[in-house]
Each structure stands twice: as C-alpha cells, then as structure tokens.
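Heads up, target_22.cif below (mmCIF, C-alpha atoms):
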```cif
data_input
loop_
_atom_site.label_atom_id
_atom_site.label_comp_id
_atom_site.auth_asym_id
_atom_site.auth_seq_id
_atom_site.Cartn_x
_atom_site.Cartn_y
_atom_site.Cartn_z
CA MET L 18 23.37 9.96 -3.58
CA SER L 19 22.12 9.13 -0.08
CA LYS L 20 20.70 5.74 0.83
CA HIS L 21 17.25 7.31 1.36
CA ALA L 22 17.39 8.95 -2.08
CA VAL L 23 18.23 5.59 -3.66
CA TRP L 24 15.31 4.05 -1.75
CA ASN L 25 12.89 6.71 -3.00
CA TRP L 26 14.01 6.48 -6.63
CA GLY L 27 13.69 2.71 -6.47
CA LEU L 28 10.11 3.00 -5.30
CA VAL L 29 9.30 5.55 -7.99
CA ALA L 30 10.60 3.17 -10.64
CA PHE L 31 8.10 0.56 -9.58
CA LEU L 32 5.15 2.93 -9.25
CA GLY L 33 4.72 2.79 -13.03
CA ILE L 34 4.14 -0.96 -12.76
CA ALA L 35 1.72 -0.43 -9.88
CA GLY L 36 -0.17 2.22 -11.81
CA ASP L 37 -0.69 -0.17 -14.71
CA ALA L 38 -2.06 -2.77 -12.31
CA PHE L 39 -4.64 -0.31 -10.97
CA ALA L 40 -5.71 0.96 -14.40
CA GLY L 41 -9.44 0.60 -14.91
CA GLU L 42 -10.24 -0.36 -11.31
CA HIS L 43 -13.36 1.77 -11.16
CA ARG L 44 -14.82 0.85 -14.54
CA ASP L 45 -18.24 -0.81 -14.49
CA HIS L 46 -17.67 -2.61 -17.78
CA ASP L 47 -14.81 -3.93 -19.84
CA GLU L 48 -14.39 -2.62 -23.34
CA ASP L 49 -13.34 -6.06 -24.56
CA GLY L 50 -15.93 -8.08 -22.64
CA HIS L 51 -19.16 -7.70 -20.77
CA LEU L 52 -20.17 -7.30 -17.16
CA ILE L 53 -21.66 -9.97 -14.90
CA ARG L 54 -22.85 -8.89 -11.46
CA VAL L 55 -23.08 -11.23 -8.47
CA PRO L 56 -25.67 -11.81 -7.13
CA ARG L 57 -27.75 -9.60 -9.45
CA ASP L 58 -27.04 -11.48 -12.69
CA GLN L 59 -25.75 -14.78 -11.31
CA PRO L 60 -26.31 -16.08 -7.76
CA THR L 61 -22.74 -17.26 -7.11
CA ILE L 62 -19.25 -16.43 -8.31
CA GLN L 63 -18.90 -19.94 -9.72
CA ALA L 64 -22.09 -19.51 -11.73
CA ALA L 65 -20.78 -16.21 -13.05
CA VAL L 66 -17.49 -17.80 -14.10
CA ASP L 67 -19.34 -20.64 -15.79
CA ALA L 68 -21.50 -18.16 -17.72
CA ALA L 69 -18.60 -15.88 -18.65
CA SER L 70 -16.52 -15.71 -21.78
CA ASP L 71 -12.82 -14.92 -21.87
CA GLY L 72 -12.28 -11.26 -20.97
CA ASP L 73 -15.54 -10.77 -19.07
CA ARG L 74 -15.67 -8.76 -15.88
CA ILE L 75 -17.36 -10.20 -12.79
CA VAL L 76 -18.27 -7.70 -10.08
CA VAL L 77 -19.22 -9.06 -6.66
CA THR L 78 -21.16 -6.90 -4.22
CA GLY L 79 -20.80 -6.91 -0.44
CA GLY L 80 -21.60 -10.15 1.37
CA GLN L 81 -20.20 -13.60 1.99
CA PHE L 82 -19.61 -15.90 -0.98
CA CYS L 83 -17.95 -19.18 -1.80
CA GLY L 84 -15.01 -18.85 -4.14
CA ALA L 85 -14.69 -20.40 -7.60
CA THR L 86 -12.53 -22.44 -9.96
CA LEU L 87 -11.39 -20.25 -12.85
CA THR L 88 -11.22 -22.07 -16.18
CA LYS L 89 -11.15 -18.97 -18.36
CA ARG L 90 -9.65 -15.47 -18.39
CA VAL L 91 -11.84 -13.24 -16.24
CA GLU L 92 -11.53 -10.06 -14.23
CA LEU L 93 -12.86 -10.56 -10.70
CA VAL L 94 -13.68 -7.39 -8.75
CA GLY L 95 -14.92 -7.32 -5.18
CA ARG L 96 -16.85 -4.28 -4.07
CA GLN L 97 -16.70 -3.14 -0.44
CA GLY L 98 -17.51 -6.03 1.88
CA ALA L 99 -17.18 -8.80 -0.72
CA THR L 100 -15.87 -11.67 1.40
CA ILE L 101 -14.75 -15.13 0.28
CA ILE L 102 -15.33 -17.84 2.88
CA GLY L 103 -14.39 -21.49 3.11
CA CYS L 104 -16.74 -23.86 1.27
CA ASP L 105 -16.72 -27.49 0.15
CA ALA L 106 -15.58 -26.29 -3.28
CA PRO L 107 -13.11 -25.29 -4.45
CA ALA L 108 -10.77 -27.43 -2.39
CA VAL L 109 -7.47 -29.25 -2.75
CA GLY L 110 -7.65 -32.41 -0.71
CA VAL L 111 -8.99 -31.47 2.71
CA TYR L 112 -7.98 -27.82 2.38
CA ARG L 113 -10.47 -25.18 1.31
CA VAL L 114 -9.46 -22.68 -1.36
CA GLY L 115 -10.84 -19.26 -2.26
CA PHE L 116 -10.03 -18.98 -5.98
CA PHE L 117 -8.48 -22.00 -7.73
CA LEU L 118 -6.79 -21.50 -11.11
CA PRO L 119 -6.12 -25.11 -12.16
CA ASP L 120 -4.31 -24.56 -15.47
CA ALA L 121 -3.34 -22.17 -18.25
CA ARG L 122 -6.96 -21.44 -19.19
CA ALA L 123 -7.01 -18.89 -16.34
CA SER L 124 -3.98 -17.00 -17.70
CA GLY L 125 -4.51 -13.25 -17.85
CA SER L 126 -7.09 -13.20 -15.06
CA SER L 127 -7.15 -10.59 -12.32
CA ILE L 128 -8.43 -10.63 -8.75
CA ARG L 129 -8.88 -7.41 -6.80
CA GLY L 130 -10.82 -5.93 -3.95
CA PHE L 131 -11.79 -9.09 -2.04
CA ARG L 132 -11.53 -10.07 1.59
CA PHE L 133 -10.57 -13.70 2.20
CA ASP L 134 -11.69 -15.07 5.56
CA GLY L 135 -9.33 -17.76 6.78
CA ARG L 136 -9.49 -16.82 10.42
CA GLY L 137 -9.05 -19.74 12.80
CA VAL L 138 -7.77 -22.30 10.29
CA SER L 139 -5.71 -24.96 12.05
CA ASN L 140 -5.21 -28.70 12.19
CA ALA L 141 -8.28 -28.85 14.41
CA ASN L 142 -10.39 -26.57 12.20
CA LEU L 143 -10.16 -26.85 8.42
CA THR L 144 -13.50 -25.13 7.80
CA PRO L 145 -12.02 -21.67 7.03
CA ILE L 146 -10.05 -20.98 3.86
CA GLY L 147 -6.57 -22.51 4.02
CA ALA L 148 -5.19 -21.27 0.68
CA ALA L 149 -6.86 -18.09 -0.56
CA ILE L 150 -5.61 -18.05 -4.19
CA LEU L 151 -4.03 -21.20 -5.61
CA ALA L 152 -2.88 -21.45 -9.23
CA ARG L 153 -1.10 -23.93 -11.51
CA SER L 154 0.56 -23.00 -14.82
CA ALA L 155 -1.45 -19.78 -15.22
CA ASP L 156 0.55 -16.83 -16.57
CA HIS L 157 0.16 -13.05 -16.30
CA VAL L 158 -2.28 -13.04 -13.39
CA ARG L 159 -2.81 -9.85 -11.35
CA VAL L 160 -3.67 -9.99 -7.65
CA VAL L 161 -4.16 -6.45 -6.40
CA ASP L 162 -5.58 -4.72 -3.31
CA ASN L 163 -7.04 -7.71 -1.48
CA ASP L 164 -7.26 -8.46 2.24
CA PHE L 165 -6.31 -11.92 3.51
CA GLU L 166 -7.19 -12.71 7.12
CA GLY L 167 -5.79 -15.91 8.57
CA THR L 168 -5.09 -18.63 5.95
CA PHE L 169 -1.88 -20.64 5.84
CA GLN L 170 -1.12 -19.64 2.23
CA GLY L 171 -2.31 -16.34 0.84
CA VAL L 172 -1.31 -16.23 -2.85
CA THR L 173 0.26 -19.33 -4.41
CA ASN L 174 1.53 -19.30 -7.99
CA THR L 175 2.83 -22.68 -9.15
CA ASP L 176 4.71 -22.75 -12.48
CA GLY L 177 3.19 -19.50 -13.75
CA GLY L 178 5.14 -16.48 -15.05
CA GLY L 179 4.50 -12.77 -15.30
CA TRP L 180 2.38 -12.41 -12.15
CA SER L 181 1.88 -9.07 -10.40
CA VAL L 182 0.95 -9.34 -6.71
CA LEU L 183 0.57 -5.77 -5.50
CA PHE L 184 -0.80 -3.74 -2.60
CA ASN L 185 -2.32 -6.70 -0.76
CA ARG L 186 -2.66 -7.02 3.01
CA ILE L 187 -2.13 -10.39 4.68
CA THR L 188 -2.80 -10.48 8.42
CA HIS L 189 -2.64 -13.27 10.98
CA LEU L 190 -1.01 -15.66 8.52
CA THR L 191 -0.49 -19.03 10.17
CA ALA L 192 0.86 -22.52 9.48
CA LEU L 193 -0.31 -26.05 10.19
CA THR L 194 1.99 -27.60 12.76
CA CYS L 195 3.56 -30.99 12.17
CA ASP L 196 1.34 -32.85 14.60
CA GLY L 197 -1.14 -32.57 11.72
CA GLY L 198 -0.89 -31.04 8.24
CA CYS L 199 2.70 -29.73 8.55
CA ALA L 200 1.92 -27.19 5.82
CA GLY L 201 1.84 -23.60 4.70
CA GLY L 202 3.17 -20.64 6.62
CA ASP L 203 3.74 -18.61 3.42
CA GLY L 204 2.05 -15.34 2.50
CA ILE L 205 3.00 -15.25 -1.19
CA VAL L 206 4.52 -18.21 -3.05
CA PHE L 207 6.19 -18.20 -6.47
CA GLN L 208 7.19 -21.82 -7.03
CA GLN L 209 8.36 -24.29 -9.63
CA ARG L 210 6.89 -27.68 -8.79
CA LEU L 211 5.22 -29.54 -11.67
CA VAL L 212 7.06 -28.25 -14.77
CA LEU L 213 10.75 -28.90 -14.16
CA ASP L 214 12.19 -28.17 -17.63
CA ARG L 215 11.81 -24.38 -17.32
CA ARG L 216 11.87 -21.86 -14.52
CA PRO L 217 8.83 -19.59 -14.10
CA GLU L 218 9.96 -16.09 -15.03
CA GLY L 219 9.16 -12.49 -14.24
CA ASN L 220 6.95 -12.74 -11.15
CA LEU L 221 6.59 -9.60 -9.03
CA ALA L 222 5.50 -9.09 -5.41
CA ALA L 223 5.52 -5.41 -4.44
CA PHE L 224 4.00 -3.07 -1.88
CA ASN L 225 2.37 -5.88 0.09
CA HIS L 226 2.02 -6.11 3.88
CA VAL L 227 2.42 -9.57 5.41
CA GLN L 228 1.86 -10.09 9.12
CA GLY L 229 2.04 -13.60 10.55
CA ASP L 230 1.62 -15.39 13.86
CA ILE L 231 3.95 -18.37 14.33
CA PRO L 232 1.87 -21.01 16.11
CA ASP L 233 3.07 -22.64 19.31
CA GLY L 234 5.03 -25.81 18.64
CA LEU L 235 6.02 -25.00 15.05
CA ASP L 236 9.64 -26.20 15.07
CA GLU L 237 10.22 -27.80 11.67
CA PHE L 238 10.13 -24.97 9.11
CA PRO L 239 10.02 -21.15 8.91
CA MET L 240 7.08 -18.89 8.22
CA THR L 241 7.76 -16.64 5.26
CA GLY L 242 6.25 -13.52 3.73
CA VAL L 243 7.34 -14.29 0.15
CA PHE L 244 8.75 -17.70 -0.81
CA VAL L 245 10.73 -17.74 -4.08
CA LEU L 246 11.32 -21.33 -5.25
CA GLY L 247 12.98 -22.22 -8.55
CA GLN L 248 12.36 -18.84 -10.21
CA LYS L 249 14.03 -16.66 -12.83
CA ARG L 250 13.92 -12.87 -12.57
CA ALA L 251 11.52 -12.80 -9.64
CA SER L 252 11.23 -9.36 -8.04
CA VAL L 253 10.30 -8.77 -4.40
CA VAL L 254 10.12 -5.03 -3.86
CA ALA L 255 9.01 -2.61 -1.13
CA ASN L 256 7.05 -5.10 0.95
CA ASP L 257 6.58 -4.87 4.70
CA PHE L 258 6.93 -8.03 6.78
CA ALA L 259 6.01 -8.61 10.42
CA ILE L 260 6.46 -12.25 11.44
CA PRO L 261 8.03 -11.99 14.88
CA HIS L 262 9.61 -14.71 17.00
CA ASN L 263 7.34 -16.89 19.12
CA PRO L 264 9.19 -18.13 22.22
CA SER L 265 6.99 -21.24 22.22
CA ALA L 266 8.23 -22.29 18.76
CA GLN L 267 11.60 -22.81 17.09
CA ALA L 268 10.40 -21.66 13.67
CA GLU L 269 11.98 -18.52 12.24
CA GLY L 270 9.93 -15.62 10.90
CA LEU L 271 11.31 -14.54 7.50
CA GLY L 272 10.37 -11.74 5.15
CA VAL L 273 11.68 -13.39 1.97
CA GLU L 274 13.12 -16.85 1.39
CA VAL L 275 14.91 -17.73 -1.88
CA SER L 276 15.51 -21.44 -2.44
CA ASP L 277 15.62 -24.45 -4.73
CA HIS L 278 14.27 -27.02 -2.28
CA CYS L 279 11.43 -27.66 0.10
CA CYS L 280 8.71 -30.11 0.92
CA ALA L 281 9.88 -33.67 1.59
CA ASN L 282 13.15 -33.19 -0.30
CA VAL L 283 11.59 -31.83 -3.49
CA VAL L 284 14.45 -30.21 -5.45
CA VAL L 285 13.76 -27.83 -8.33
CA SER L 286 15.90 -25.38 -10.33
CA THR L 287 18.03 -22.86 -8.50
CA SER L 288 16.48 -19.41 -8.26
CA VAL L 289 18.44 -17.01 -10.49
CA LYS L 290 18.51 -13.27 -11.17
CA THR L 291 16.28 -12.52 -8.18
CA ASP L 292 15.73 -8.89 -7.15
CA VAL L 293 15.07 -8.34 -3.44
CA LEU L 294 14.89 -4.56 -3.02
CA PHE L 295 13.71 -2.04 -0.42
CA ASN L 296 11.79 -4.49 1.79
CA ASP L 297 11.26 -3.88 5.50
CA GLY L 298 11.65 -6.93 7.72
CA ARG L 299 12.61 -5.25 10.98
CA HIS L 300 9.56 -6.77 12.67
CA SER L 301 10.55 -10.27 11.54
CA GLU L 302 13.59 -12.27 12.55
CA ALA L 303 15.16 -11.70 9.11
CA VAL L 304 14.13 -9.68 6.07
CA LEU L 305 15.76 -12.20 3.72
CA ARG L 306 17.21 -15.68 3.75
CA VAL L 307 18.89 -17.13 0.67
CA ASP L 308 19.32 -20.87 1.10
CA ALA L 309 22.43 -22.70 -0.02
CA ASP L 310 21.47 -24.69 -3.09
CA ALA L 311 20.78 -28.42 -2.97
CA GLN L 312 24.50 -29.13 -3.59
CA GLY L 313 25.56 -26.80 -0.78
CA GLY L 314 26.65 -24.00 -3.13
CA ASN L 315 25.59 -20.48 -3.98
CA GLY L 316 23.36 -21.21 -6.97
CA ASN L 317 20.39 -19.35 -5.49
CA LEU L 318 22.43 -16.14 -5.51
CA ALA L 319 23.31 -16.28 -9.22
CA GLY L 320 22.62 -12.86 -10.74
CA ALA L 321 20.80 -11.66 -7.62
CA ARG L 322 20.40 -7.99 -6.75
CA ILE L 323 19.88 -7.41 -3.03
CA PHE L 324 19.70 -3.80 -1.95
CA GLY L 325 17.98 -1.37 0.39
CA ASN L 326 16.38 -3.98 2.65
CA ARG L 327 15.84 -3.25 6.33
CA GLY L 328 16.51 -6.09 8.74
CA GLU L 329 18.86 -9.03 8.97
CA VAL L 330 19.91 -10.79 5.76
CA GLU L 331 20.99 -14.44 5.93
CA LEU L 332 23.17 -15.74 3.10
CA PRO L 333 24.96 -19.05 2.47
CA PRO L 334 28.18 -19.35 4.50
CA GLY L 335 30.94 -16.95 3.54
CA VAL L 336 28.98 -15.12 0.83
CA THR L 337 28.28 -11.44 0.27
CA PRO L 338 27.11 -10.79 -3.30
CA PRO L 339 28.59 -7.66 -4.92
CA HIS L 340 25.22 -5.98 -5.44
CA ALA L 341 24.32 -6.43 -1.78
CA ARG L 342 27.18 -4.76 0.04
CA ALA L 343 25.91 -1.21 -0.09
CA GLY L 344 22.36 -1.96 0.93
CA LEU L 345 22.27 -4.55 3.69
CA ALA L 346 21.34 -3.52 7.19
CA THR L 347 22.90 -6.65 8.68
CA ALA L 348 24.43 -9.57 6.79
CA SER L 349 25.12 -12.99 8.24
CA SER L 350 25.86 -16.51 7.07
CA ALA L 351 23.09 -18.13 9.05
CA ALA L 352 21.35 -19.79 6.11
CA GLY L 353 23.65 -22.77 6.36
CA THR L 354 23.75 -25.96 4.35
CA ASP L 355 21.42 -28.14 6.41
CA PRO L 356 18.87 -30.41 4.65
CA PRO L 357 15.64 -28.67 3.61
CA PRO L 358 12.87 -28.46 6.21
CA GLN L 359 10.15 -31.08 5.93
CA ARG L 360 7.00 -29.13 5.17
CA THR L 361 4.26 -29.01 2.57
CA VAL L 362 3.58 -25.99 0.35
CA LEU L 363 0.29 -26.52 -1.45
CA TYR L 364 0.44 -26.39 -5.25
#
```
Would you mind writing the structure in this file as structure tokens?
Amino acid sequence: MSKHAVWNWGLVAFLGIAGDAFAGEHRDHDEDGHLIRVPRDQPTIQAAVDAASDGDRIVVTGGQFCGATLTKRVELVGRQGATIIGCDAPAVGVYRVGFFLPDARASGSSIRGFRFDGRGVSNANLTPIGAAILARSADHVRVVDNDFEGTFQGVTNTDGGGWSVLFNRITHLTALTCDGGCAGGDGIVFQQRLVLDRRPEGNLAAFNHVQGDIPDGLDEFPMTGVFVLGQKRASVVANDFAIPHNPSAQAEGLGVEVSDHCCANVVVSTSVKTDVLFNDGRHSEAVLRVDADAQGGNGNLAGARIFGNRGEVELPPGVTPPHARAGLATASSAAGTDPPPQRTVLY
C-alpha cells in the first residue's frame, strides 16, 4: 500500500470521531435539556450559564460578548459573528480568559462556533484574551469549529481526560516574552499539572489549523501547536501547523511537543502511548519534538506511534521508534537532554 493510501485510510478512520463531534450542530434545542438564547433570554453568557441546568444548550447570536465561568455541563453554541472578547472576568491572575472551566462540574460541556478575539495581546497589552479556553479537571469536553485570533494559549486542558478538540482554526498565536510574563506560546495544551497520581487519558486534537507568529526576542522556549505534557493515549492527528522561524528570536516553532517537564522545572509523568499521525508541519521548523524525559531517557516515547507526519521530527539522541521508521519525512536527534525551558503554561 502506498504512503498516500495509508494517509487517506488513516484520515478516514478518524472521520467517524469527527462526525460524532458534529452531530446535532444545527439543532435549536437539546432533547435532554432546554434552550437559552443570548441575549434574547439572558443578557450575557455568564447569566445564561448561571440560569442553566446540566445539559442545557446556550445559543449566542452575533455580537461581542464577555466569556463565562462554566460550573455545570452546558452546550455553548456561537452563531455567525458570536465573538468572545477580553473582560475583567473570567480571568486567571492578570490574564483574561474566554471560557474558564474551573473543575469537574464542567465535565461533558461543549464549545463550538465562537470567535475568540485575542488580537494584540502582549506584555504591554493584557486587555485582549490571553487564554481562550482554560480548564481544570474537566473530562469529556468537546471544542469544535471555533476561530481563535491572537491569544497566547488557545485551548488548555489541565488534568482532564477524553477531550475532543477538532476542526478549530488558531491564527496569529503569540507568546509573552521573558521581559514580562514569559508565558504561553501554545495553541492546544493537554497537560498534567495539579493531579500527579494519574495521567490524563484519551485526549484528541485532530483536523486543527494552528498558525503562530514568534515574537521578536523570544529566546527561552519554543512556540508549539499542540503541547502534550504527562499524558496517556493522547492522539494528535491530521493537524496543520505553520509556526515559522523568526530571525529576530531564538525560539523554535514546533507542530507538536511531547514532554514530561516544563515551567520552572515542574516535572510530571512521562507521556506514554502517544499517537502523532498524519500532521503537516512543513511550515514550522519541526512537525514534532519528543523531549528526553526528566532523567535523560526515552520515557516520553514509550508505546508511541509516530507515522505519516510531514516535516522534521526531533527525537531524543540516538532514538528511532519502530513505529516511526516508515512514516517520518526527516528524523533527527535534536531534542537533546538539556534542562527544560523556563516558561509558564497557564493552568
């Protein structure tokens, strides 16, 4: 079977998952809940969430709105032109957030059809959204068909399992340079940070487009399309990454990074049984980097399947995993065993 045939069959296999994620997109009510319209029924998204019961559907019409903190299972749907902008709340510290899922009460929620306006966010301007979707210990969340403009973190899942992040478009992703916040630079984050006795499991990022602009002077850490940190059975499939080199910065532009460490020497579990399949990183400096684990070994490659990716692949020194040999465009040992970069990934 040709390489292109393998590619196509791999994509077909995941279309079933994608189809499930889109099921019911055009319904105006939920059979198991009821419909709340913003601003017709409630003036703000937060007011709609506060008035909702688990399973309710909240439909937001075109216009600019503050985001919300989700403390229950809801389905959020943005109609054409529904735009989330930076507001005083929700926020994490000084950074403005679009939708904040603070704990497991938001498990099972879905977010689709919104535009998140984080254009212009920087150390000098924290008014726009910095982190568009930020979650802690929420499982089985779906983030589908959204547009993220700017921001320094698009979708961040901390300690949650079973997420589906599909068909989203992230453009002009940025990072906060280390003369200030020294943070972000990640389009989609699946991370273990607060619950260290179990790895989050079964998170999926597929069919997303991530385009980023490395800011001048960013020398300390890479910008990354999908950051996989301390995960089990994470799947990163058929995404397109464009984070090109900036000659005025030393930071690398990566499609996918798989690791067990980041952020002021925070060390979590190794990432195991990771699937990185059919991604295109030819417009980034590398489509994939797998970091040596915190002990300098190959723990982050345990059980990994790496196949069909386009672009350079960086692995720990001297390693080529068996499942990768047939599918790598270019393999190198550039990941190295240096200490983790000093950056902050919001959680």
Could you state the separation of CA of Ser286 in chain L and CA of Gln267 in chain L in Å, given to one decimal place?
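Taking CA of Ser286 in chain L and CA of Gln267 in chain L, their separation equals 27.9 Å.
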Here's the selection I'm unsure about, the PyMOL selection byres ((chain L and resi 152-158) around 10); applied to the file above, which residues does it give, as a ChimeraX atom specification?
/L:86-87,90-92,116-128,150-151,159-161,172-182,208-212,217-220,363-364
Please write the residues from the selection above to a file, keeping C-alpha atoms, as a compact mmCIF listing (two decimals), keeping the file's coordinate frame.
```
# COMPACT_ATOMS: atom_id res chain seq x y z
CA THR L 86 -12.53 -22.44 -9.96
CA LEU L 87 -11.39 -20.25 -12.85
CA ARG L 90 -9.65 -15.47 -18.39
CA VAL L 91 -11.84 -13.24 -16.24
CA GLU L 92 -11.53 -10.06 -14.23
CA PHE L 116 -10.03 -18.98 -5.98
CA PHE L 117 -8.48 -22.00 -7.73
CA LEU L 118 -6.79 -21.50 -11.11
CA PRO L 119 -6.12 -25.11 -12.16
CA ASP L 120 -4.31 -24.56 -15.47
CA ALA L 121 -3.34 -22.17 -18.25
CA ARG L 122 -6.96 -21.44 -19.19
CA ALA L 123 -7.01 -18.89 -16.34
CA SER L 124 -3.98 -17.00 -17.70
CA GLY L 125 -4.51 -13.25 -17.85
CA SER L 126 -7.09 -13.20 -15.06
CA SER L 127 -7.15 -10.59 -12.32
CA ILE L 128 -8.43 -10.63 -8.75
CA ILE L 150 -5.61 -18.05 -4.19
CA LEU L 151 -4.03 -21.20 -5.61
CA ARG L 159 -2.81 -9.85 -11.35
CA VAL L 160 -3.67 -9.99 -7.65
CA VAL L 161 -4.16 -6.45 -6.40
CA VAL L 172 -1.31 -16.23 -2.85
CA THR L 173 0.26 -19.33 -4.41
CA ASN L 174 1.53 -19.30 -7.99
CA THR L 175 2.83 -22.68 -9.15
CA ASP L 176 4.71 -22.75 -12.48
CA GLY L 177 3.19 -19.50 -13.75
CA GLY L 178 5.14 -16.48 -15.05
CA GLY L 179 4.50 -12.77 -15.30
CA TRP L 180 2.38 -12.41 -12.15
CA SER L 181 1.88 -9.07 -10.40
CA VAL L 182 0.95 -9.34 -6.71
CA GLN L 208 7.19 -21.82 -7.03
CA GLN L 209 8.36 -24.29 -9.63
CA ARG L 210 6.89 -27.68 -8.79
CA LEU L 211 5.22 -29.54 -11.67
CA VAL L 212 7.06 -28.25 -14.77
CA PRO L 217 8.83 -19.59 -14.10
CA GLU L 218 9.96 -16.09 -15.03
CA GLY L 219 9.16 -12.49 -14.24
CA ASN L 220 6.95 -12.74 -11.15
CA LEU L 363 0.29 -26.52 -1.45
CA TYR L 364 0.44 -26.39 -5.25
```
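Note that CA of Asp162 in chain L and CA of Ile187 in chain L are 10.4 Å apart.
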Using 3 Å of padding on each side, determine the axis-aligned box around all atoms of range 328-336 of chain L present in the file and give its centre and edge lengths in Å to one decimal, as AutoDock Vina command-line options.
```
--center_x 23.7 --center_y -12.7 --center_z 4.9 --size_x 20.4 --size_y 19.3 --size_z 14.1
```
Within 10 Å of file point (-13.4, -21.4, 5.3), counting all atoms listed in the file, expressed as a list in words:
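Counting all atoms listed in the file, I find these residues within 10 Å of (-13.4, -21.4, 5.3): Cys83, Gly84, Ile101, Ile102, Gly103, Cys104, Asp105, Tyr112, Arg113, Val114, Gly115, Phe133, Asp134, Gly135, Arg136, Gly137, Val138, Asn142, Leu143, Thr144, Pro145, Ile146, Gly147, Ala148, Ala149, Gly167 and Thr168 of chain L.
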Each residue of range 232-278 of chain L with at least one atom at most 10 Å from range 305-314 of chain L should appear once, together with its nearest atom pair and the corresponding distance in Å (one decimal); atoms considered: only C-alpha atoms; ordering: chain, then increasing residue number; output as a tab-separated table.
```
residue	atom	partner	partner_atom	distance
L:Thr241	CA	L:Leu305	CA	9.3
L:Gly242	CA	L:Leu305	CA	9.6
L:Val243	CA	L:Leu305	CA	9.4
L:Phe244	CA	L:Arg306	CA	9.8
L:Val245	CA	L:Val307	CA	9.5
L:Gly270	CA	L:Leu305	CA	9.9
L:Leu271	CA	L:Leu305	CA	6.3
L:Gly272	CA	L:Leu305	CA	5.6
L:Val273	CA	L:Leu305	CA	4.6
L:Glu274	CA	L:Arg306	CA	4.9
L:Val275	CA	L:Val307	CA	4.8
L:Ser276	CA	L:Asp308	CA	5.2
L:Asp277	CA	L:Asp310	CA	6.1
L:His278	CA	L:Ala311	CA	6.7
```
Taking all atoms listed in the file into account, which of L:Asp203, L:Asp196, L:Asp292, L:Glu269 comes nearest Glu331 in chain L?
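For Glu331 in chain L, the nearest of the given residues is L:Glu269.
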Evaluate the PyMOL selection byres ((chain L and resi 262) around 12) on the structure here and hand back the selected residues as a PyMOL selection string.
chain L and resi 228-233+235-236+239-240+259-261+263-271+299-303
For Val330 in chain L, which residue out of L:His226, L:Leu294, L:Asp214, L:Gly130 is the nearest one, using all atoms listed in the file?
L:Leu294
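Atom pair CA of Asn256 in chain L / CA of Asp297 in chain L: separated by 6.3 Å.
With all atoms listed in the file as the atoms that count, the minimum distance from Ser288 in chain L to the choices L:Ile53, L:Ala321, L:Val304, L:Ile62 is reached by L:Ala321.
Using the PyMOL selection byres ((chain L and resi 296) around 7) on the file at hand returns these residues: Val254, Ala255, Asn256, Asp257, Leu294, Phe295, Asp297, Gly298, Asn326 and Arg327 of chain L.
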Using only C-alpha atoms, which protein or nucleic acid residues come within 6 Å of Leu193 in chain L? Drop anything in the same chain fewer than 3 positions from it, and give the result as a ChimeraX atom specification.
/L:139-140,198-200
